$ cat start-v2.cif   # mmCIF, C-alpha atoms
data_model
#
loop_
_atom_site.group_PDB
_atom_site.id
_atom_site.type_symbol
_atom_site.label_atom_id
_atom_site.label_comp_id
_atom_site.auth_asym_id
_atom_site.auth_seq_id
_atom_site.Cartn_x
_atom_site.Cartn_y
_atom_site.Cartn_z
ATOM 1 C CA MET A 1 75.883 112.111 180.913
ATOM 2 C CA ASP A 2 73.298 114.881 181.285
ATOM 3 C CA LEU A 3 75.008 118.070 182.384
ATOM 4 C CA PHE A 4 71.678 119.895 182.590
ATOM 5 C CA ALA A 5 70.037 117.393 184.969
ATOM 6 C CA ASN A 6 71.114 119.121 188.204
ATOM 7 C CA ALA A 7 70.939 122.700 186.983
ATOM 8 C CA ASN A 8 68.984 124.987 189.250
ATOM 9 C CA LYS A 9 68.037 128.606 189.630
ATOM 10 C CA ARG A 10 70.466 129.570 192.360
ATOM 11 C CA ILE A 11 73.656 131.312 191.326
ATOM 12 C CA PRO A 12 76.799 130.112 193.086
ATOM 13 C CA GLN A 13 79.260 132.988 192.973
ATOM 14 C CA MET A 14 82.508 132.905 191.033
ATOM 15 C CA THR A 15 84.736 135.844 191.891
ATOM 16 C CA ARG A 16 88.243 136.934 190.965
ATOM 17 C CA GLU A 17 89.495 135.517 194.264
ATOM 18 C CA LYS A 18 87.798 132.151 193.780
ATOM 19 C CA LEU A 19 88.960 131.995 190.159
ATOM 20 C CA ALA A 20 92.536 132.410 191.421
ATOM 21 C CA THR A 21 92.185 129.086 193.257
ATOM 22 C CA TYR A 22 91.670 127.384 189.882
ATOM 23 C CA LEU A 23 93.928 129.378 187.543
ATOM 24 C CA ASP A 24 97.251 131.064 188.336
ATOM 25 C CA PRO A 25 96.734 134.863 188.427
ATOM 26 C CA LYS A 26 100.187 135.307 186.905
ATOM 27 C CA LEU A 27 99.160 133.558 183.685
ATOM 28 C CA PRO A 28 97.574 135.312 180.676
ATOM 29 C CA ARG A 29 94.516 133.004 180.797
ATOM 30 C CA PHE A 30 93.482 134.504 184.161
ATOM 31 C CA HIS A 31 93.683 138.028 182.701
ATOM 32 C CA HIS A 32 91.857 136.957 179.552
ATOM 33 C CA ILE A 33 88.939 135.794 181.707
ATOM 34 C CA LEU A 34 88.885 139.071 183.651
ATOM 35 C CA GLY A 35 88.920 140.910 180.307
ATOM 36 C CA VAL A 36 85.881 138.926 179.153
ATOM 37 C CA VAL A 37 84.123 139.880 182.404
ATOM 38 C CA ARG A 38 84.973 143.566 181.809
ATOM 39 C CA ASN A 39 83.730 143.376 178.232
ATOM 40 C CA MET A 40 80.486 141.805 179.431
ATOM 41 C CA GLU A 41 80.056 144.496 182.101
ATOM 42 C CA GLN A 42 80.467 147.143 179.382
ATOM 43 C CA LEU A 43 78.129 145.356 176.950
ATOM 44 C CA LEU A 44 75.216 144.747 179.344
ATOM 45 C CA PRO A 45 74.051 148.394 179.647
ATOM 46 C CA LYS A 46 73.904 148.606 175.828
ATOM 47 C CA ILE A 47 71.440 145.742 175.354
ATOM 48 C CA THR A 48 67.965 144.909 176.613
ATOM 49 C CA LEU A 49 67.706 141.604 178.472
ATOM 50 C CA PRO A 50 65.175 139.912 180.743
ATOM 51 C CA SER A 51 65.466 140.633 184.446
ATOM 52 C CA GLY A 52 68.106 138.560 186.185
ATOM 53 C CA TRP A 53 70.160 137.719 183.109
ATOM 54 C CA SER A 54 72.918 140.245 183.804
ATOM 55 C CA ALA A 55 74.147 138.520 186.968
ATOM 56 C CA LEU A 56 74.080 135.149 185.187
ATOM 57 C CA LEU A 57 76.040 136.508 182.230
ATOM 58 C CA ILE A 58 78.727 137.917 184.528
ATOM 59 C CA GLN A 59 79.043 134.495 186.148
ATOM 60 C CA ALA A 60 79.192 132.804 182.731
ATOM 61 C CA SER A 61 81.983 135.211 181.767
ATOM 62 C CA TYR A 62 83.982 134.389 184.898
ATOM 63 C CA LEU A 63 83.508 130.679 184.239
ATOM 64 C CA HIS A 64 83.870 130.447 180.454
ATOM 65 C CA ASP A 65 87.503 129.232 180.509
ATOM 66 C CA ILE A 66 87.669 127.681 183.975
ATOM 67 C CA GLY A 67 87.961 124.298 182.270
ATOM 68 C CA TYR A 68 91.616 125.155 181.563
ATOM 69 C CA SER A 69 92.296 124.598 185.269
ATOM 70 C CA PRO A 70 94.476 121.515 185.810
ATOM 71 C CA LYS A 71 92.216 120.764 188.803
ATOM 72 C CA LEU A 72 89.233 120.278 186.483
ATOM 73 C CA ASN A 73 90.806 118.463 183.537
ATOM 74 C CA GLN A 74 88.889 115.250 182.843
ATOM 75 C CA TYR A 75 88.376 115.353 179.081
ATOM 76 C CA ASN A 76 91.259 117.575 177.943
ATOM 77 C CA TYR A 77 88.680 119.854 176.322
ATOM 78 C CA HIS A 78 88.250 123.034 178.326
ATOM 79 C CA GLN A 79 84.651 123.758 177.296
ATOM 80 C CA LEU A 80 83.444 120.340 178.452
ATOM 81 C CA ASP A 81 85.613 120.354 181.579
ATOM 82 C CA GLY A 82 84.213 123.775 182.506
ATOM 83 C CA ALA A 83 80.634 122.652 181.871
ATOM 84 C CA VAL A 84 81.134 119.571 184.064
ATOM 85 C CA TYR A 85 82.401 121.840 186.855
ATOM 86 C CA ALA A 86 79.461 124.250 186.481
ATOM 87 C CA ALA A 87 76.987 121.343 186.485
ATOM 88 C CA ASP A 88 78.596 119.860 189.614
ATOM 89 C CA GLN A 89 78.336 123.258 191.330
ATOM 90 C CA GLY A 90 74.637 123.570 190.455
ATOM 91 C CA PHE A 91 74.837 126.582 188.145
ATOM 92 C CA PRO A 92 71.755 127.283 186.003
ATOM 93 C CA LYS A 93 71.393 125.647 182.587
ATOM 94 C CA PRO A 94 72.238 128.737 180.475
ATOM 95 C CA ILE A 95 75.628 128.988 182.206
ATOM 96 C CA ILE A 96 76.383 125.288 181.763
ATOM 97 C CA ALA A 97 75.331 125.524 178.109
ATOM 98 C CA THR A 98 77.535 128.574 177.605
ATOM 99 C CA LEU A 99 80.604 126.865 179.000
ATOM 100 C CA LEU A 100 79.911 123.798 176.884
ATOM 101 C CA PHE A 101 79.265 125.578 173.568
ATOM 102 C CA HIS A 102 80.960 128.993 173.662
ATOM 103 C CA SER A 103 83.180 130.100 170.795
ATOM 104 C CA CYS A 104 82.342 127.189 168.462
ATOM 105 C CA ALA A 105 83.196 124.370 170.873
ATOM 106 C CA TYR A 106 80.872 121.978 169.034
ATOM 107 C CA GLU A 107 82.549 122.728 165.718
ATOM 108 C CA GLY A 108 85.890 122.070 167.414
ATOM 109 C CA VAL A 109 84.619 118.666 168.529
ATOM 110 C CA LEU A 110 83.579 117.844 164.968
ATOM 111 C CA TYR A 111 87.050 118.839 163.775
ATOM 112 C CA SER A 112 89.301 117.239 166.358
ATOM 113 C CA ARG A 113 87.452 115.350 169.112
ATOM 114 C CA PRO A 114 85.059 112.765 167.633
ATOM 115 C CA ASP A 115 85.163 110.958 170.989
ATOM 116 C CA LEU A 116 83.110 113.826 172.463
ATOM 117 C CA LYS A 117 80.613 114.096 169.609
ATOM 118 C CA GLU A 118 77.826 112.108 171.319
ATOM 119 C CA ILE A 119 78.031 114.202 174.501
ATOM 120 C CA TYR A 120 77.832 117.389 172.465
ATOM 121 C CA GLU A 121 75.016 116.262 170.205
ATOM 122 C CA THR A 122 72.948 115.099 173.186
ATOM 123 C CA HIS A 123 73.228 118.552 174.755
ATOM 124 C CA LEU A 124 72.850 120.429 171.474
ATOM 125 C CA ARG A 125 69.331 119.027 171.142
ATOM 126 C CA LYS A 126 68.443 120.446 174.578
ATOM 127 C CA LEU A 127 69.459 124.052 173.902
ATOM 128 C CA ASP A 128 66.744 126.697 173.896
ATOM 129 C CA THR A 129 66.747 130.339 172.795
ATOM 130 C CA GLU A 130 67.901 131.558 176.221
ATOM 131 C CA ASP A 131 70.877 129.187 176.135
ATOM 132 C CA GLN A 132 71.757 130.322 172.615
ATOM 133 C CA MET A 133 71.587 133.973 173.637
ATOM 134 C CA PHE A 134 73.978 133.332 176.536
ATOM 135 C CA ILE A 135 76.352 131.422 174.237
ATOM 136 C CA ASP A 136 76.309 134.288 171.730
ATOM 137 C CA LEU A 137 76.886 137.023 174.313
ATOM 138 C CA VAL A 138 79.789 135.279 176.067
ATOM 139 C CA SER A 139 81.297 134.223 172.728
ATOM 140 C CA TYR A 140 81.069 137.837 171.537
ATOM 141 C CA CYS A 141 82.983 139.049 174.590
ATOM 142 C CA ASP A 142 85.476 136.170 174.317
ATOM 143 C CA LEU A 143 86.167 136.936 170.650
ATOM 144 C CA HIS A 144 86.773 140.600 171.516
ATOM 145 C CA THR A 145 89.249 139.872 174.334
ATOM 146 C CA SER A 146 92.940 139.224 173.723
ATOM 147 C CA ALA A 147 94.948 136.480 175.390
ATOM 148 C CA ASN A 148 96.077 139.068 177.968
ATOM 149 C CA GLY A 149 92.626 140.529 178.627
ATOM 150 C CA GLU A 150 92.727 143.601 176.377
ATOM 151 C CA LYS A 151 89.956 144.585 173.953
ATOM 152 C CA THR A 152 90.617 143.345 170.445
ATOM 153 C CA THR A 153 88.974 142.634 167.111
ATOM 154 C CA LEU A 154 88.059 139.241 165.713
ATOM 155 C CA ARG A 155 90.754 139.570 163.020
ATOM 156 C CA ALA A 156 93.431 140.358 165.622
ATOM 157 C CA ARG A 157 92.205 137.511 167.846
ATOM 158 C CA VAL A 158 92.386 134.929 165.040
ATOM 159 C CA ASP A 159 95.820 136.210 163.972
ATOM 160 C CA ASP A 160 97.111 136.142 167.557
ATOM 161 C CA VAL A 161 96.040 132.510 168.011
ATOM 162 C CA ALA A 162 97.911 131.602 164.813
ATOM 163 C CA VAL A 163 101.046 133.342 166.109
ATOM 164 C CA ARG A 164 100.878 131.843 169.608
ATOM 165 C CA TYR A 165 100.025 128.275 168.574
ATOM 166 C CA GLY A 166 101.472 128.215 165.059
ATOM 167 C CA LYS A 167 99.419 128.203 161.853
ATOM 168 C CA GLU A 168 99.395 124.396 161.617
ATOM 169 C CA HIS A 169 98.166 123.795 165.177
ATOM 170 C CA GLU A 170 94.617 122.443 165.413
ATOM 171 C CA VAL A 171 93.500 125.382 167.594
ATOM 172 C CA SER A 172 94.650 127.821 164.896
ATOM 173 C CA LYS A 173 92.944 125.796 162.182
ATOM 174 C CA ILE A 174 89.694 125.617 164.176
ATOM 175 C CA MET A 175 89.736 129.400 164.792
ATOM 176 C CA SER A 176 90.365 130.102 161.115
ATOM 177 C CA ALA A 177 87.763 127.599 159.874
ATOM 178 C CA ASN A 178 85.119 129.012 162.226
ATOM 179 C CA GLU A 179 85.721 132.655 161.401
ATOM 180 C CA PRO A 180 82.475 132.884 159.343
ATOM 181 C CA ILE A 181 80.504 131.517 162.326
ATOM 182 C CA PHE A 182 82.258 133.974 164.645
ATOM 183 C CA GLU A 183 81.262 136.787 162.292
ATOM 184 C CA GLU A 184 77.633 135.627 162.460
ATOM 185 C CA ILE A 185 77.755 135.633 166.284
ATOM 186 C CA ILE A 186 79.216 139.137 166.283
ATOM 187 C CA GLU A 187 76.548 140.313 163.839
ATOM 188 C CA ARG A 188 73.720 138.861 165.970
ATOM 189 C CA VAL A 189 75.021 140.588 169.103
ATOM 190 C CA THR A 190 75.758 143.851 167.288
ATOM 191 C CA ARG A 191 72.115 143.997 166.190
ATOM 192 C CA MET A 192 71.114 143.904 169.883
ATOM 193 C CA ILE A 193 73.220 146.920 170.835
ATOM 194 C CA LYS A 194 71.289 150.148 171.389
ATOM 195 C CA GLU A 195 72.881 153.161 169.727
#
$ encode --input "start-v2.cif" --output "structure tokens"
Amino acid sequence: MDLFANANKRIPQMTREKLATYLDPKLPRFHHILGVVRNMEQLLPKITLPSGWSALLIQASYLHDIGYSPKLNQYNYHQLDGAVYAADQGFPKPIIATLLFHSCAYEGVLYSRPDLKEIYETHLRKLDTEDQMFIDLVSYCDLHTSANGEKTTLRARVDDVAVRYGKEHEVSKIMSANEPIFEEIIERVTRMIKE
């Protein structure tokens, strides 16, 4: 599987209305995604990026959790399911990479999904600096958005996951174990912000 093989430069459009055909607008996940989009819209004017990246980053924000849609579930791993969808739709490589790797998805595979390790390692070797920047920026916005779409801190986000899933759930353990990596992502993005 090569998710980057059909990537192109055109940008299919994901909108709130189209997202609602994949995820129920009454559920918190839908509002979390819209919160990530809002956070990205607020972040973009504060950083300097190459021309054209802003529109792609908004699309990546809309798409980052689309893999939770029951319509798209093939692997029972939302980052991979979302990346497969984005690849099938012909989104550009940085968006596909972002969906695949955002918020420590690879580390989650190493922890709980060894069956997906080969897919992830194949794509990890193909990432470039643009892909990594997209992953960092969307992860930053994701980590600062609550389950209901409100702004939050990393500490509150990690604590909320532990409350919602239970401290012994693998999602809670993955969030807690990856907190130092999340802090590094936040630090890298914070250094980009113009005062």
$ resolve_selection --input "start-v2.cif" --expression "the PyMOL selection byres ((chain A and resi 36) around 10)" --output "NGL selection string"
:A and (31-35 or 37-42 or 58 or 60-65 or 138-146 or 149-151)
$ write_last_selection --input "start-v2.cif" --atoms "C-alpha atoms" --output "compact mmCIF listing (two decimals), keeping the file's coordinate frame"
# COMPACT_ATOMS: atom_id res chain seq x y z
CA HIS A 31 93.68 138.03 182.70
CA HIS A 32 91.86 136.96 179.55
CA ILE A 33 88.94 135.79 181.71
CA LEU A 34 88.88 139.07 183.65
CA GLY A 35 88.92 140.91 180.31
CA VAL A 37 84.12 139.88 182.40
CA ARG A 38 84.97 143.57 181.81
CA ASN A 39 83.73 143.38 178.23
CA MET A 40 80.49 141.80 179.43
CA GLU A 41 80.06 144.50 182.10
CA GLN A 42 80.47 147.14 179.38
CA ILE A 58 78.73 137.92 184.53
CA ALA A 60 79.19 132.80 182.73
CA SER A 61 81.98 135.21 181.77
CA TYR A 62 83.98 134.39 184.90
CA LEU A 63 83.51 130.68 184.24
CA HIS A 64 83.87 130.45 180.45
CA ASP A 65 87.50 129.23 180.51
CA VAL A 138 79.79 135.28 176.07
CA SER A 139 81.30 134.22 172.73
CA TYR A 140 81.07 137.84 171.54
CA CYS A 141 82.98 139.05 174.59
CA ASP A 142 85.48 136.17 174.32
CA LEU A 143 86.17 136.94 170.65
CA HIS A 144 86.77 140.60 171.52
CA THR A 145 89.25 139.87 174.33
CA SER A 146 92.94 139.22 173.72
CA GLY A 149 92.63 140.53 178.63
CA GLU A 150 92.73 143.60 176.38
CA LYS A 151 89.96 144.58 173.95
$ closest_residue --input "start-v2.cif" --among "A:Ser176, A:Gln89, A:Thr129, A:Thr122" --to "Ala7 of chain A" --atoms "only C-alpha atoms"
A:Gln89
$ closest_residue --input "start-v2.cif" --among "A:Ala97, A:Thr153, A:Pro180, A:Glu107" --to "Arg125 of chain A" --atoms "all atoms listed in the file"
A:Ala97
$ closest_residue --input "start-v2.cif" --among "A:Gly166, A:Pro94, A:Gly108, A:Pro114" --to "Leu127 of chain A" --atoms "all atoms listed in the file"
A:Pro94
$ resolve_selection --input "start-v2.cif" --expression "the PyMOL selection byres ((chain A and resi 136) around 10)" --output "list in words"
Thr98, Phe101, His102, Ser103, Cys104, Glu130, Asp131, Gln132, Met133, Phe134, Ile135, Leu137, Val138, Ser139, Tyr140, Cys141, Asp142, Phe182, Glu184, Ile185, Ile186, Glu187, Arg188 and Val189 of chain A
$ closest_residue --input "start-v2.cif" --among "A:Gln59, A:Gln79, A:Gln13, A:Thr190" --to "Leu99 of chain A" --atoms "only C-alpha atoms"
A:Gln79
$ residues_near_point --input "start-v2.cif" --point "(94.8, 135.7, 166.4)" --cutoff "10 Å" --atoms "only C-alpha atoms" --output "number ranges by chain"
A: 143, 146-147, 152-165, 167, 172, 175-176
$ residues_around --input "start-v2.cif" --residues "Ala5 of chain A" --least-positions-apart "5" --cutoff "10 Å" --atoms "only C-alpha atoms" --output "list of chain:residue names"
A:Ala87, A:Gly90, A:Lys93
$ atom_distance --input "start-v2.cif" --atom1 "atom CA of Ile47 of chain A" --atom2 "atom CA of Met192 of chain A"
5.8 Å
$ atom_distance --input "start-v2.cif" --atom1 "atom CA of His169 of chain A" --atom2 "atom CA of Ser69 of chain A"
20.9 Å
$ closest_residue --input "start-v2.cif" --among "A:Ile96, A:Leu72, A:Leu49, A:Leu110" --to "Lys126 of chain A" --atoms "all atoms listed in the file"
A:Ile96
$ closest_residue --input "start-v2.cif" --among "A:Ile66, A:Tyr120, A:Met1, A:Thr48" --to "Lys18 of chain A" --atoms "all atoms listed in the file"
A:Ile66
$ atom_distance --input "start-v2.cif" --atom1 "atom CA of Leu80 of chain A" --atom2 "atom CA of Leu27 of chain A"
21.2 Å
$ decode --input "start-v2.cif" --residues "segment 5-35 of chain A" --atoms "N, CA and C atoms" --output "mmCIF file, in the first residue's frame"
data_model
loop_
_atom_site.group_PDB
_atom_site.id
_atom_site.type_symbol
_atom_site.label_atom_id
_atom_site.label_comp_id
_atom_site.auth_asym_id
_atom_site.auth_seq_id
_atom_site.Cartn_x
_atom_site.Cartn_y
_atom_site.Cartn_z
ATOM 1 N N ALA A 5 0.899 7.524 -3.501
ATOM 2 C CA ALA A 5 1.062 7.279 -4.941
ATOM 3 C C ALA A 5 0.140 8.133 -5.798
ATOM 4 N N ASN A 6 -1.102 8.354 -5.358
ATOM 5 C CA ASN A 6 -2.069 9.094 -6.170
ATOM 6 C C ASN A 6 -2.277 10.518 -5.701
ATOM 7 N N ALA A 7 -1.440 10.972 -4.787
ATOM 8 C CA ALA A 7 -1.571 12.347 -4.301
ATOM 9 C C ALA A 7 -1.335 13.316 -5.446
ATOM 10 N N ASN A 8 -2.076 14.407 -5.429
ATOM 11 C CA ASN A 8 -1.875 15.411 -6.471
ATOM 12 C C ASN A 8 -1.944 16.803 -5.878
ATOM 13 N N LYS A 9 -1.905 17.782 -6.713
ATOM 14 C CA LYS A 9 -1.855 19.164 -6.240
ATOM 15 C C LYS A 9 -3.231 19.810 -6.102
ATOM 16 N N ARG A 10 -4.247 19.185 -6.639
ATOM 17 C CA ARG A 10 -5.572 19.793 -6.508
ATOM 18 C C ARG A 10 -6.056 19.615 -5.069
ATOM 19 N N ILE A 11 -6.973 20.451 -4.660
ATOM 20 C CA ILE A 11 -7.482 20.376 -3.301
ATOM 21 C C ILE A 11 -8.988 20.117 -3.347
ATOM 22 N N PRO A 12 -9.398 18.843 -3.230
ATOM 23 C CA PRO A 12 -10.834 18.608 -3.070
ATOM 24 C C PRO A 12 -11.292 19.348 -1.815
ATOM 25 N N GLN A 13 -12.495 19.796 -1.771
ATOM 26 C CA GLN A 13 -12.942 20.609 -0.644
ATOM 27 C C GLN A 13 -13.756 19.797 0.367
ATOM 28 N N MET A 14 -13.294 19.821 1.620
ATOM 29 C CA MET A 14 -14.083 19.312 2.722
ATOM 30 C C MET A 14 -14.672 20.529 3.414
ATOM 31 N N THR A 15 -15.956 20.493 3.649
ATOM 32 C CA THR A 15 -16.662 21.586 4.309
ATOM 33 C C THR A 15 -17.425 21.020 5.493
ATOM 34 N N ARG A 16 -17.963 21.897 6.295
ATOM 35 C CA ARG A 16 -18.800 21.478 7.432
ATOM 36 C C ARG A 16 -19.950 20.600 6.943
ATOM 37 N N GLU A 17 -20.575 21.018 5.842
ATOM 38 C CA GLU A 17 -21.725 20.276 5.320
ATOM 39 C C GLU A 17 -21.310 18.883 4.834
ATOM 40 N N LYS A 18 -20.199 18.804 4.135
ATOM 41 C CA LYS A 18 -19.736 17.501 3.649
ATOM 42 C C LYS A 18 -19.288 16.624 4.817
ATOM 43 N N LEU A 19 -18.630 17.225 5.799
ATOM 44 C CA LEU A 19 -18.210 16.477 6.983
ATOM 45 C C LEU A 19 -19.413 15.838 7.675
ATOM 46 N N ALA A 20 -20.534 16.550 7.681
ATOM 47 C CA ALA A 20 -21.754 16.038 8.326
ATOM 48 C C ALA A 20 -22.303 14.797 7.637
ATOM 49 N N THR A 21 -21.857 14.508 6.425
ATOM 50 C CA THR A 21 -22.294 13.269 5.761
ATOM 51 C C THR A 21 -21.453 12.073 6.219
ATOM 52 N N TYR A 22 -20.366 12.358 6.927
ATOM 53 C CA TYR A 22 -19.492 11.297 7.439
ATOM 54 C C TYR A 22 -19.602 11.125 8.958
ATOM 55 N N LEU A 23 -19.801 12.232 9.666
ATOM 56 C CA LEU A 23 -19.884 12.188 11.127
ATOM 57 C C LEU A 23 -21.131 12.930 11.585
ATOM 58 N N ASP A 24 -21.841 12.382 12.529
ATOM 59 C CA ASP A 24 -23.084 12.954 13.046
ATOM 60 C C ASP A 24 -22.802 14.307 13.714
ATOM 61 N N PRO A 25 -23.443 15.384 13.228
ATOM 62 C CA PRO A 25 -23.217 16.712 13.804
ATOM 63 C C PRO A 25 -23.658 16.836 15.259
ATOM 64 N N LYS A 26 -24.419 15.875 15.747
ATOM 65 C CA LYS A 26 -24.848 15.917 17.143
ATOM 66 C C LYS A 26 -23.783 15.374 18.087
ATOM 67 N N LEU A 27 -22.780 14.694 17.544
ATOM 68 C CA LEU A 27 -21.760 14.070 18.384
ATOM 69 C C LEU A 27 -20.592 15.025 18.679
ATOM 70 N N PRO A 28 -19.960 14.875 19.844
ATOM 71 C CA PRO A 28 -18.818 15.731 20.182
ATOM 72 C C PRO A 28 -17.698 15.687 19.146
ATOM 73 N N ARG A 29 -17.436 14.553 18.524
ATOM 74 C CA ARG A 29 -16.339 14.438 17.559
ATOM 75 C C ARG A 29 -16.477 15.476 16.445
ATOM 76 N N PHE A 30 -17.698 15.670 15.947
ATOM 77 C CA PHE A 30 -17.953 16.659 14.896
ATOM 78 C C PHE A 30 -17.526 18.050 15.377
ATOM 79 N N HIS A 31 -17.888 18.389 16.611
ATOM 80 C CA HIS A 31 -17.572 19.716 17.153
ATOM 81 C C HIS A 31 -16.088 19.848 17.490
ATOM 82 N N HIS A 32 -15.467 18.732 17.866
ATOM 83 C CA HIS A 32 -14.017 18.751 18.063
ATOM 84 C C HIS A 32 -13.323 19.132 16.752
ATOM 85 N N ILE A 33 -13.729 18.514 15.660
ATOM 86 C CA ILE A 33 -13.114 18.807 14.362
ATOM 87 C C ILE A 33 -13.298 20.280 13.995
ATOM 88 N N LEU A 34 -14.508 20.800 14.177
ATOM 89 C CA LEU A 34 -14.743 22.217 13.872
ATOM 90 C C LEU A 34 -13.897 23.112 14.771
ATOM 91 N N GLY A 35 -13.673 22.696 16.020
ATOM 92 C CA GLY A 35 -12.800 23.444 16.918
ATOM 93 C C GLY A 35 -11.357 23.452 16.432
#
